[in-house]
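Just work-v9.cif here, mmCIF, C-alpha atoms; chains and numbers go by the auth columns:
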data_model
loop_
_atom_site.group_PDB
_atom_site.id
_atom_site.type_symbol
_atom_site.label_atom_id
_atom_site.label_comp_id
_atom_site.label_asym_id
_atom_site.label_seq_id
_atom_site.Cartn_x
_atom_site.Cartn_y
_atom_site.Cartn_z
_atom_site.B_iso_or_equiv
_atom_site.auth_seq_id
_atom_site.auth_asym_id
ATOM 1 C CA MET A 1 57.196 -162.470 -81.716 0.00 24 Y
ATOM 2 C CA ARG A 2 60.592 -160.955 -81.156 0.00 25 Y
ATOM 3 C CA ASN A 3 63.433 -160.867 -83.614 0.00 26 Y
ATOM 4 C CA ILE A 4 66.208 -163.469 -83.624 0.00 27 Y
ATOM 5 C CA PHE A 5 69.825 -162.692 -84.445 0.00 28 Y
ATOM 6 C CA LEU A 6 71.812 -165.739 -85.423 0.00 29 Y
ATOM 7 C CA TYR A 7 75.547 -165.368 -85.803 0.00 30 Y
ATOM 8 C CA GLY A 8 78.704 -167.438 -85.998 0.00 31 Y
ATOM 9 C CA VAL A 9 81.804 -167.904 -88.082 0.00 32 Y
ATOM 10 C CA PRO A 10 81.768 -169.153 -91.675 0.00 33 Y
ATOM 11 C CA GLY A 11 81.232 -172.903 -91.809 0.00 34 Y
ATOM 12 C CA SER A 12 79.561 -173.099 -88.399 0.00 35 Y
ATOM 13 C CA GLY A 13 76.174 -174.045 -89.850 0.00 36 Y
ATOM 14 C CA LYS A 14 74.413 -170.733 -89.276 0.00 37 Y
ATOM 15 C CA THR A 15 72.879 -170.528 -92.770 0.00 38 Y
ATOM 16 C CA ARG A 16 71.306 -173.983 -92.580 0.00 39 Y
ATOM 17 C CA THR A 17 70.153 -173.311 -89.017 0.00 40 Y
ATOM 18 C CA SER A 18 68.676 -169.918 -89.962 0.00 41 Y
ATOM 19 C CA ILE A 19 66.752 -171.364 -92.928 0.00 42 Y
ATOM 20 C CA THR A 20 65.273 -174.101 -90.742 0.00 43 Y
ATOM 21 C CA MET A 21 64.427 -171.746 -87.872 0.00 44 Y
ATOM 22 C CA SER A 22 62.873 -169.084 -90.085 0.00 45 Y
ATOM 23 C CA LYS A 23 60.565 -171.659 -91.683 0.00 46 Y
ATOM 24 C CA GLU A 24 59.633 -173.292 -88.368 0.00 47 Y
ATOM 25 C CA LEU A 25 58.940 -169.966 -86.662 0.00 48 Y
ATOM 26 C CA GLY A 26 57.462 -168.135 -89.665 0.00 49 Y
ATOM 27 C CA LEU A 27 60.087 -165.382 -89.569 0.00 50 Y
ATOM 28 C CA GLU A 28 61.386 -163.367 -92.497 0.00 51 Y
ATOM 29 C CA LEU A 29 65.015 -164.347 -93.095 0.00 52 Y
ATOM 30 C CA ILE A 30 67.567 -161.624 -93.784 0.00 53 Y
ATOM 31 C CA GLU A 31 71.096 -162.651 -94.664 0.00 54 Y
ATOM 32 C CA ALA A 32 73.273 -159.904 -93.205 0.00 55 Y
ATOM 33 C CA ASP A 33 75.934 -160.304 -95.895 0.00 56 Y
ATOM 34 C CA THR A 34 73.455 -158.761 -98.341 0.00 57 Y
ATOM 35 C CA LEU A 35 73.529 -155.572 -96.240 0.00 58 Y
ATOM 36 C CA LYS A 36 77.202 -154.993 -97.028 0.00 59 Y
ATOM 37 C CA ALA A 37 76.872 -155.537 -100.775 0.00 60 Y
ATOM 38 C CA GLY A 38 78.652 -152.773 -102.657 0.00 61 Y
ATOM 39 C CA LEU A 39 80.534 -151.581 -99.593 0.00 62 Y
ATOM 40 C CA ASN A 40 84.297 -151.838 -99.314 0.00 63 Y
ATOM 41 C CA ILE A 41 84.272 -153.989 -96.182 0.00 64 Y
ATOM 42 C CA PRO A 42 86.409 -157.129 -95.969 0.00 65 Y
ATOM 43 C CA VAL A 43 85.038 -160.612 -95.402 0.00 66 Y
ATOM 44 C CA THR A 44 84.969 -161.244 -91.652 0.00 67 Y
ATOM 45 C CA CYS A 45 87.643 -163.958 -91.685 0.00 68 Y
ATOM 46 C CA GLN A 46 89.949 -161.899 -93.912 0.00 69 Y
ATOM 47 C CA ALA A 47 89.758 -158.632 -91.968 0.00 70 Y
ATOM 48 C CA TRP A 48 92.734 -159.616 -89.781 0.00 71 Y
ATOM 49 C CA LYS A 49 95.023 -158.838 -92.722 0.00 72 Y
ATOM 50 C CA GLN A 50 94.604 -155.114 -92.040 0.00 73 Y
ATOM 51 C CA PHE A 51 96.345 -155.547 -88.699 0.00 74 Y
ATOM 52 C CA GLY A 52 99.290 -157.768 -89.653 0.00 75 Y
ATOM 53 C CA GLY A 53 99.846 -161.519 -89.553 0.00 76 Y
ATOM 54 C CA LEU A 54 97.285 -164.106 -88.537 0.00 77 Y
ATOM 55 C CA ASP A 55 97.199 -164.479 -84.786 0.00 78 Y
ATOM 56 C CA LYS A 56 94.524 -164.330 -82.106 0.00 79 Y
ATOM 57 C CA GLU A 57 94.812 -160.591 -81.540 0.00 80 Y
ATOM 58 C CA ASN A 58 94.571 -159.671 -85.232 0.00 81 Y
ATOM 59 C CA ALA A 59 91.756 -162.144 -85.946 0.00 82 Y
ATOM 60 C CA ILE A 60 89.671 -160.581 -83.167 0.00 83 Y
ATOM 61 C CA LYS A 61 90.606 -157.049 -84.248 0.00 84 Y
ATOM 62 C CA GLY A 62 89.385 -157.988 -87.737 0.00 85 Y
ATOM 63 C CA LEU A 63 86.022 -159.189 -86.439 0.00 86 Y
ATOM 64 C CA LEU A 64 85.568 -156.077 -84.313 0.00 87 Y
ATOM 65 C CA PHE A 65 86.544 -153.884 -87.281 0.00 88 Y
ATOM 66 C CA VAL A 66 83.864 -155.456 -89.480 0.00 89 Y
ATOM 67 C CA ARG A 67 81.270 -155.231 -86.684 0.00 90 Y
ATOM 68 C CA ASP A 68 82.043 -151.569 -86.188 0.00 91 Y
ATOM 69 C CA ARG A 69 81.809 -150.727 -89.901 0.00 92 Y
ATOM 70 C CA LEU A 70 78.460 -152.489 -90.261 0.00 93 Y
ATOM 71 C CA ARG A 71 76.807 -151.603 -86.943 0.00 94 Y
ATOM 72 C CA ASN A 72 74.694 -148.718 -88.268 0.00 95 Y
ATOM 73 C CA ILE A 73 73.779 -150.557 -91.470 0.00 96 Y
ATOM 74 C CA VAL A 74 72.450 -153.487 -89.444 0.00 97 Y
ATOM 75 C CA ARG A 75 70.616 -151.142 -87.071 0.00 98 Y
ATOM 76 C CA ASP A 76 68.956 -149.348 -89.984 0.00 99 Y
ATOM 77 C CA ALA A 77 67.870 -152.660 -91.524 0.00 100 Y
ATOM 78 C CA ILE A 78 66.154 -153.846 -88.366 0.00 101 Y
ATOM 79 C CA ASP A 79 65.200 -150.682 -86.491 0.00 102 Y
ATOM 80 C CA THR A 80 61.455 -150.825 -87.117 0.00 103 Y
ATOM 81 C CA ARG A 81 61.068 -154.461 -88.132 0.00 104 Y
ATOM 82 C CA GLU A 82 59.571 -157.331 -86.206 0.00 105 Y
ATOM 83 C CA ASN A 83 59.372 -161.050 -86.803 0.00 106 Y
ATOM 84 C CA ILE A 84 62.689 -161.346 -88.579 0.00 107 Y
ATOM 85 C CA LEU A 85 65.604 -163.678 -88.293 0.00 108 Y
ATOM 86 C CA ILE A 86 68.823 -161.998 -89.344 0.00 109 Y
ATOM 87 C CA GLU A 87 71.878 -164.164 -89.921 0.00 110 Y
ATOM 88 C CA GLY A 88 75.500 -163.099 -90.315 0.00 111 Y
ATOM 89 C CA ALA A 89 79.055 -163.723 -89.209 0.00 112 Y
ATOM 90 C CA PHE A 90 79.716 -160.183 -88.006 0.00 113 Y
ATOM 91 C CA LEU A 91 76.599 -159.435 -85.960 0.00 114 Y
ATOM 92 C CA ASP A 92 77.303 -157.799 -82.610 0.00 115 Y
ATOM 93 C CA PRO A 93 75.252 -159.385 -79.819 0.00 116 Y
ATOM 94 C CA HIS A 94 75.908 -156.478 -77.434 0.00 117 Y
ATOM 95 C CA ASP A 95 74.313 -154.099 -79.904 0.00 118 Y
ATOM 96 C CA LEU A 96 71.395 -156.253 -81.030 0.00 119 Y
ATOM 97 C CA MET A 97 70.023 -157.479 -77.708 0.00 120 Y
ATOM 98 C CA GLN A 98 67.626 -154.525 -77.565 0.00 121 Y
ATOM 99 C CA TRP A 99 65.891 -155.757 -80.753 0.00 122 Y
ATOM 100 C CA GLY A 100 65.605 -159.456 -79.946 0.00 123 Y
ATOM 101 C CA GLN A 101 67.303 -162.692 -78.980 0.00 124 Y
ATOM 102 C CA GLY A 102 70.829 -163.541 -80.063 0.00 125 Y
ATOM 103 C CA ILE A 103 71.935 -167.089 -80.795 0.00 126 Y
ATOM 104 C CA LEU A 104 75.530 -168.047 -81.513 0.00 127 Y
ATOM 105 C CA VAL A 105 75.930 -171.057 -83.816 0.00 128 Y
ATOM 106 C CA VAL A 106 79.155 -172.994 -83.336 0.00 129 Y
ATOM 107 C CA THR A 107 80.782 -176.167 -84.574 0.00 130 Y
ATOM 108 C CA ARG A 108 83.430 -177.030 -82.009 0.00 131 Y
ATOM 109 C CA ASN A 109 84.453 -180.272 -83.698 0.00 132 Y
ATOM 110 C CA TYR A 110 87.440 -179.374 -85.873 0.00 133 Y
ATOM 111 C CA GLU A 111 86.859 -182.017 -88.576 0.00 134 Y
ATOM 112 C CA LYS A 112 83.153 -181.235 -88.930 0.00 135 Y
ATOM 113 C CA HIS A 113 83.815 -177.493 -89.058 0.00 136 Y
ATOM 114 C CA HIS A 114 86.593 -178.014 -91.628 0.00 137 Y
ATOM 115 C CA GLY A 115 84.269 -180.075 -93.817 0.00 138 Y
ATOM 116 C CA GLN A 116 81.480 -177.516 -93.627 0.00 139 Y
ATOM 117 C CA PHE A 117 83.825 -174.604 -94.263 0.00 140 Y
ATOM 118 C CA PHE A 118 85.333 -176.152 -97.387 0.00 141 Y
ATOM 119 C CA ILE A 119 82.141 -177.572 -98.865 0.00 142 Y
ATOM 120 C CA HIS A 120 81.717 -174.408 -100.987 0.00 143 Y
ATOM 121 C CA ARG A 121 85.345 -173.249 -101.053 0.00 144 Y
ATOM 122 C CA GLN A 122 88.424 -174.461 -102.878 0.00 145 Y
ATOM 123 C CA ALA A 123 91.332 -175.224 -100.566 0.00 146 Y
ATOM 124 C CA SER A 124 94.061 -172.631 -101.115 0.00 147 Y
ATOM 125 C CA GLU A 125 96.524 -170.799 -98.898 0.00 148 Y
ATOM 126 C CA GLU A 126 94.012 -167.964 -98.582 0.00 149 Y
ATOM 127 C CA THR A 127 91.051 -170.154 -97.645 0.00 150 Y
ATOM 128 C CA LYS A 128 93.187 -172.168 -95.232 0.00 151 Y
ATOM 129 C CA SER A 129 94.113 -168.949 -93.436 0.00 152 Y
ATOM 130 C CA GLU A 130 90.432 -167.905 -93.444 0.00 153 Y
ATOM 131 C CA PHE A 131 89.550 -171.200 -91.768 0.00 154 Y
ATOM 132 C CA ALA A 132 92.307 -170.718 -89.185 0.00 155 Y
ATOM 133 C CA ALA A 133 90.940 -167.218 -88.495 0.00 156 Y
ATOM 134 C CA ALA A 134 87.412 -168.633 -88.221 0.00 157 Y
ATOM 135 C CA ARG A 135 88.568 -171.109 -85.564 0.00 158 Y
ATOM 136 C CA ILE A 136 90.213 -168.315 -83.564 0.00 159 Y
ATOM 137 C CA VAL A 137 87.190 -166.030 -83.873 0.00 160 Y
ATOM 138 C CA GLN A 138 84.819 -168.857 -82.902 0.00 161 Y
ATOM 139 C CA GLU A 139 86.642 -169.303 -79.590 0.00 162 Y
ATOM 140 C CA PHE A 140 86.351 -165.552 -78.965 0.00 163 Y
ATOM 141 C CA LEU A 141 82.624 -165.632 -79.793 0.00 164 Y
ATOM 142 C CA ILE A 142 82.028 -168.553 -77.415 0.00 165 Y
ATOM 143 C CA GLU A 143 83.779 -166.699 -74.586 0.00 166 Y
ATOM 144 C CA GLU A 144 81.871 -163.505 -75.416 0.00 167 Y
ATOM 145 C CA ALA A 145 78.485 -165.277 -75.579 0.00 168 Y
ATOM 146 C CA THR A 146 79.130 -167.006 -72.268 0.00 169 Y
ATOM 147 C CA ARG A 147 80.017 -163.685 -70.618 0.00 170 Y
ATOM 148 C CA ILE A 148 76.884 -161.876 -71.809 0.00 171 Y
ATOM 149 C CA ASP A 149 74.506 -164.844 -71.525 0.00 172 Y
ATOM 150 C CA ILE A 150 73.798 -165.417 -75.223 0.00 173 Y
ATOM 151 C CA LYS A 151 72.385 -168.823 -76.131 0.00 174 Y
ATOM 152 C CA ILE A 152 74.932 -171.064 -77.888 0.00 175 Y
ATOM 153 C CA HIS A 153 73.620 -173.566 -80.441 0.00 176 Y
ATOM 154 C CA GLU A 154 76.083 -176.387 -81.072 0.00 177 Y
ATOM 155 C CA ASN A 155 75.874 -177.630 -84.667 0.00 178 Y
ATOM 156 C CA LEU A 156 76.369 -181.366 -84.174 0.00 179 Y
#
Give the structure from this file in structure tokens form.
Amino acid sequence: MRNIFLYGVPGSGKTRTSITMSKELGLELIEADTLKAGLNIPVTCQAWKQFGGLDKENAIKGLLFVRDRLRNIVRDAIDTRENILIEGAFLDPHDLMQWGQGILVVTRNYEKHHGQFFIHRQASEETKSEFAAARIVQEFLIEEATRIDIKIHENL
């Protein structure tokens, strides 16, 4: 069995999908957010703040910044492992393809994504901007996955 790397923006349904898949396939589940515990790395959908206001360019720069900072940590966590499913918002499919199959989880429907995003978050100006960033980043991830032939799982 090869490894599976499941990624997508917050609220896309990747956690629920990863739990189901790991049980069905008998894979050890690793939540990538646990790999950055204790590190001074921003949440993926807040990283745009380091580059200025919220727009497409800064949202994508934020994602790429987080990916870059965590690339070696993720590599170290999976380098010699097999039969794992690792799930996280910031996973880099270009980098991980050598260790297994990447799957992008998306929720294109705005209302459904909004509901899923805010199910565990209080609505505030900060979380509203995080959701806006997540929508921008999701479009980037869909374009990226299409370009490099990564499977896209639509959370319906």
Distance of CA of Trp122 in chain Y from CA of Pro33 in chain Y, expressed in Å to one decimal place: 23.5 Å
Atomic separation - CA of Leu77 in chain Y relative to CA of Phe154 in chain Y, Å: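 Computing the Euclidean distance for CA of Phe154 in chain Y and CA of Leu77 in chain Y yields 11.0 Å.
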12 Å contact set for Ser152 in chain Y, all atoms listed in the file, chain neighbours under 6 positions out, as a PyMOL selection string: chain Y and resi 68-72+76-78+82+137+140+146+158-159
List every residue of range 91-152 of chain Y that has an atom at most 12 Å from any atom of range 53-63 of chain Y, giving for each one its closest atom pair and the distance in Å to one decimal, counting all atoms listed in the file, sorted by chain and then by ascending residue number, as a tab-separated table.
residue	atom	partner	partner_atom	distance
Y:Arg92	CA	Y:Lys59	CA	9.5
Y:Leu93	CA	Y:Lys59	CA	7.3
Y:Arg94	CA	Y:Leu58	CA	10.6
Y:Asn95	CA	Y:Leu58	CA	10.6
Y:Ile96	CA	Y:Leu58	CA	6.9
Y:Val97	CA	Y:Leu58	CA	7.2
Y:Arg98	CA	Y:Leu58	CA	10.6
Y:Asp99	CA	Y:Leu58	CA	9.9
Y:Ala100	CA	Y:Leu58	CA	7.9
Y:Ile101	CA	Y:Ile53	CA	9.6
Y:Arg104	CA	Y:Ile53	CA	11.2
Y:Glu105	CA	Y:Ile53	CA	11.8
Y:Asn106	CA	Y:Ile53	CA	10.8
Y:Ile107	CA	Y:Ile53	CA	7.1
Y:Leu108	CA	Y:Ile53	CA	6.2
Y:Ile109	CA	Y:Ile53	CA	4.6
Y:Glu110	CA	Y:Glu54	CA	5.0
Y:Gly111	CA	Y:Ala55	CA	4.8
Y:Ala112	CA	Y:Ala55	CA	8.0
Y:Phe113	CA	Y:Ala55	CA	8.3
Y:Leu114	CA	Y:Ala55	CA	8.0
Y:Asp115	CA	Y:Ala55	CA	11.5
Target residues per the PyMOL selection byres ((chain Y and resi 132) around 10), formatted as a PyMOL selection string: chain Y and resi 35+129-131+133-137+177-179
Residues just named, written with C-alpha atoms as a compact mmCIF listing (two decimals), keeping the file's coordinate frame:
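Okay, this is what ended up in out-v5.txt:
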# COMPACT_ATOMS: atom_id res chain seq x y z
CA SER Y 35 79.56 -173.10 -88.40
CA VAL Y 129 79.16 -172.99 -83.34
CA THR Y 130 80.78 -176.17 -84.57
CA ARG Y 131 83.43 -177.03 -82.01
CA TYR Y 133 87.44 -179.37 -85.87
CA GLU Y 134 86.86 -182.02 -88.58
CA LYS Y 135 83.15 -181.24 -88.93
CA HIS Y 136 83.82 -177.49 -89.06
CA HIS Y 137 86.59 -178.01 -91.63
CA GLU Y 177 76.08 -176.39 -81.07
CA ASN Y 178 75.87 -177.63 -84.67
CA LEU Y 179 76.37 -181.37 -84.17
As AutoDock Vina command-line options, what would the box around range 56-64 of chain Y look like: edges along x, y and z, 3 Å added on every side, centre and edge lengths in Å to one decimal?
--center_x 78.9 --center_y -155.9 --center_z -99.3 --size_x 16.8 --size_y 14.7 --size_z 12.8
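Between CA of Lys174 in chain Y and CA of His117 in chain Y lies a distance of 12.9 Å.
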Residues matched by the PyMOL selection byres ((chain Y and resi 123) around 10) as number ranges by chain: Y: 24-28, 105-108, 116, 119-122, 124-126
Matched chain/residue IDs from the PyMOL selection byres ((chain Y and resi 127) around 6), as a ChimeraX atom specification: /Y:29-31,126,128,175-176
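Residue nearest Leu86 in chain Y, chosen from Y:Ala157, Y:Thr67, Y:Lys151, Y:Met44 and counting all atoms listed in the file: Y:Thr67.
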Closest of Y:Val160, Y:Glu149, Y:Ile165, Y:Ile42 to Leu87 in chain Y - atom-to-atom distances counting all atoms listed in the file: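 The closest residue to Leu87 in chain Y is Y:Val160.
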Among the residues Y:Phe163, Y:Val89, Y:Leu52, Y:Ile64, the one that comes closest to Lys37 in chain Y [using all atoms listed in the file]: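 The shortest atom-to-atom distance to Lys37 in chain Y comes from Y:Leu52.
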